file run08.pdb (PDB, C-alpha atoms, pLDDT in the B column)
ATOM      1  CA  MET A 835     249.716 147.700  69.728  1.00 47.00           C
ATOM      2  CA  VAL A 836     247.101 150.245  70.785  1.00 47.00           C
ATOM      3  CA  THR A 837     247.125 151.271  74.432  1.00 49.00           C
ATOM      4  CA  PRO A 838     243.953 152.352  76.277  1.00 48.00           C
ATOM      5  CA  HIS A 839     245.296 155.908  76.406  1.00 57.00           C
ATOM      6  CA  SER A 840     245.910 156.155  72.665  1.00 73.00           C
ATOM      7  CA  ARG A 841     242.257 155.874  71.568  1.00 81.00           C
ATOM      8  CA  GLN A 842     239.077 157.740  72.549  1.00 85.00           C
ATOM      9  CA  PRO A 843     235.593 156.172  72.503  1.00 86.00           C
ATOM     10  CA  CYS A 844     232.985 157.436  70.095  1.00 85.00           C
ATOM     11  CA  ALA A 845     230.679 160.013  71.680  1.00 84.00           C
ATOM     12  CA  THR A 846     227.622 158.543  69.930  1.00 82.00           C
ATOM     13  CA  LYS A 847     225.251 156.551  72.164  1.00 77.00           C
ATOM     14  CA  ASN A 848     225.678 152.766  71.873  1.00 75.00           C
ATOM     15  CA  CYS A 849     228.712 153.054  69.601  1.00 80.00           C
ATOM     16  CA  PHE A 850     231.721 150.989  70.597  1.00 80.00           C
ATOM     17  CA  ALA A 851     234.138 152.167  67.900  1.00 84.00           C
ATOM     18  CA  THR A 852     237.069 154.451  68.719  1.00 87.00           C
ATOM     19  CA  PHE A 853     239.115 157.145  67.053  1.00 86.00           C
ATOM     20  CA  SER A 854     242.655 158.415  67.489  1.00 86.00           C
ATOM     21  CA  ALA A 855     243.377 160.402  70.645  1.00 83.00           C
ATOM     22  CA  GLU A 856     246.499 162.114  69.332  1.00 87.00           C
ATOM     23  CA  SER A 857     246.587 165.878  69.899  1.00 89.00           C
ATOM     24  CA  ALA A 858     243.967 167.688  67.840  1.00 90.00           C
ATOM     25  CA  HIS A 859     243.776 171.270  66.618  1.00 92.00           C
ATOM     26  CA  ASP A 860     240.736 173.474  67.326  1.00 93.00           C
ATOM     27  CA  GLY A 861     238.037 172.711  64.749  1.00 93.00           C
ATOM     28  CA  GLU A 862     239.708 169.484  63.571  1.00 93.00           C
ATOM     29  CA  VAL A 863     237.295 166.775  62.394  1.00 91.00           C
ATOM     30  CA  ARG A 864     238.027 163.072  62.892  1.00 89.00           C
ATOM     31  CA  HIS A 865     236.015 159.946  62.199  1.00 86.00           C
ATOM     32  CA  CYS A 866     235.594 156.747  64.217  1.00 86.00           C
ATOM     33  CA  ASN A 867     237.536 153.738  62.958  1.00 83.00           C
ATOM     34  CA  ARG A 868     234.580 151.919  61.431  1.00 79.00           C
ATOM     35  CA  ALA A 869     234.756 151.350  57.681  1.00 73.00           C
ATOM     36  CA  GLY A 870     231.976 152.739  55.504  1.00 66.00           C
ATOM     37  CA  PRO A 871     231.137 155.424  52.964  1.00 61.00           C
ATOM     38  CA  ASP A 872     231.301 158.133  55.639  1.00 59.00           C
ATOM     39  CA  GLY A 873     234.222 156.631  57.539  1.00 68.00           C
ATOM     40  CA  GLY A 874     232.177 156.396  60.726  1.00 80.00           C
ATOM     41  CA  HIS A 875     230.795 159.217  62.851  1.00 84.00           C
ATOM     42  CA  PRO A 876     232.449 162.610  62.346  1.00 87.00           C
ATOM     43  CA  HIS A 877     233.598 164.420  65.509  1.00 90.00           C
ATOM     44  CA  ARG A 878     234.894 167.983  65.844  1.00 92.00           C
ATOM     45  CA  TRP A 879     237.374 169.036  68.543  1.00 93.00           C
ATOM     46  CA  ASP A 880     236.161 172.222  70.254  1.00 93.00           C
ATOM     47  CA  GLY A 881     239.369 172.802  72.190  1.00 91.00           C
ATOM     48  CA  SER A 882     238.346 170.700  75.192  1.00 91.00           C
ATOM     49  CA  THR A 883     236.047 167.855  74.076  1.00 89.00           C
ATOM     50  CA  TRP A 884     234.991 165.953  70.938  1.00 89.00           C
ATOM     51  CA  GLN A 885     231.536 166.927  69.630  1.00 90.00           C
ATOM     52  CA  VAL A 886     229.596 164.558  67.347  1.00 88.00           C
ATOM     53  CA  LEU A 887     228.609 166.134  64.033  1.00 86.00           C
ATOM     54  CA  THR A 888     225.597 165.041  62.032  1.00 72.00           C
ATOM     55  CA  GLY A 889     226.289 162.246  59.617  1.00 62.00           C
ATOM     56  CA  LYS A 890     225.118 158.877  58.384  1.00 63.00           C
ATOM     57  CA  MET A 891     225.285 156.090  60.971  1.00 60.00           C
ATOM     58  CA  GLN A 892     228.009 153.614  60.074  1.00 61.00           C
ATOM     59  CA  HIS A 893     228.497 151.767  63.366  1.00 64.00           C
ATOM     60  CA  ASP A 894     226.823 148.687  64.763  1.00 60.00           C
ATOM     61  CA  ARG A 895     224.284 149.565  67.425  1.00 55.00           C
ATOM     62  CA  ALA A 896     223.577 147.684  70.638  1.00 49.00           C
TER      63      ALA A 896
END
call {"tool": "encode", "arguments": {"input": "run08.pdb", "output": "structure tokens"}}
result
Amino acid sequence: MVTPHSRQPCATKNCFATFSAESAHDGEVRHCNRAGPDGGHPHRWDGSTWQVLTGKMQHDRA
């Protein structure tokens, strides 16, 4: 079971997917949990926040 504190929301506007919130290393890249050729939006940890990298949209939009 996933708890609210174990996932982080995607930083992309109108995206409701999430990605793991486990401790990240500086410069680490993670993808949202949406299936697709790019594995969702890529995010890079800058040491304090997740920054969205450019990539092909794979999530449903509102």
call {"tool": "residues_around", "arguments": {"input": "run08.pdb", "residues": "Arg878 of chain A", "least_positions_apart": "5", "cutoff": "6 Å", "atoms": "only C-alpha atoms", "output": "list of chain:residue names"}}
result
A:Gly861, A:Glu862, A:Val863, A:Trp884, A:Gln885
call {"tool": "write_last_selection", "arguments": {"input": "run08.pdb", "atoms": "C-alpha atoms", "output": "PDB file, in the frame of the given file"}}
result
ATOM      1  CA  GLY A 861     238.037 172.711  64.749  1.00 93.00           C
ATOM      2  CA  GLU A 862     239.708 169.484  63.571  1.00 93.00           C
ATOM      3  CA  VAL A 863     237.295 166.775  62.394  1.00 91.00           C
ATOM      4  CA  TRP A 884     234.991 165.953  70.938  1.00 89.00           C
ATOM      5  CA  GLN A 885     231.536 166.927  69.630  1.00 90.00           C
TER       6      GLN A 885
END
call {"tool": "resolve_selection", "arguments": {"input": "run08.pdb", "expression": "the PyMOL selection byres ((chain A and resi 841) around 6)", "output": "JSON, numbers by chain"}}
result
{"A": [839, 840, 842, 853, 854, 855]}
call {"tool": "write_last_selection", "arguments": {"input": "run08.pdb", "atoms": "C-alpha atoms", "output": "mmCIF file, in the frame of the given file"}}
result
data_model
loop_
_atom_site.group_PDB
_atom_site.id
_atom_site.type_symbol
_atom_site.label_atom_id
_atom_site.label_comp_id
_atom_site.auth_asym_id
_atom_site.auth_seq_id
_atom_site.Cartn_x
_atom_site.Cartn_y
_atom_site.Cartn_z
ATOM 1 C CA HIS A 839 245.296 155.908 76.406
ATOM 2 C CA SER A 840 245.910 156.155 72.665
ATOM 3 C CA GLN A 842 239.077 157.740 72.549
ATOM 4 C CA PHE A 853 239.115 157.145 67.053
ATOM 5 C CA SER A 854 242.655 158.415 67.489
ATOM 6 C CA ALA A 855 243.377 160.402 70.645
#
call {"tool": "axis_aligned_box", "arguments": {"input": "run08.pdb", "around": "segment 873-880 of chain A", "padding_each_side": "6 Å", "output": "AutoDock Vina command-line options"}}
result
--center_x 234.1 --center_y 164.3 --center_z 63.9 --size_x 18.6 --size_y 27.8 --size_z 24.7
call {"tool": "closest_residue", "arguments": {"input": "run08.pdb", "among": "A:Asp880, A:Thr888, A:Thr846, A:Ala851", "to": "Asn867 of chain A", "atoms": "only C-alpha atoms"}}
result
A:Ala851
call {"tool": "residues_near_point", "arguments": {"input": "run08.pdb", "point": "(230.5, 151.9, 71.8)", "cutoff": "12 Å", "atoms": "all atoms listed in the file", "output": "ChimeraX atom specification"}}
result
/A:842-853,866-868,875,893-896
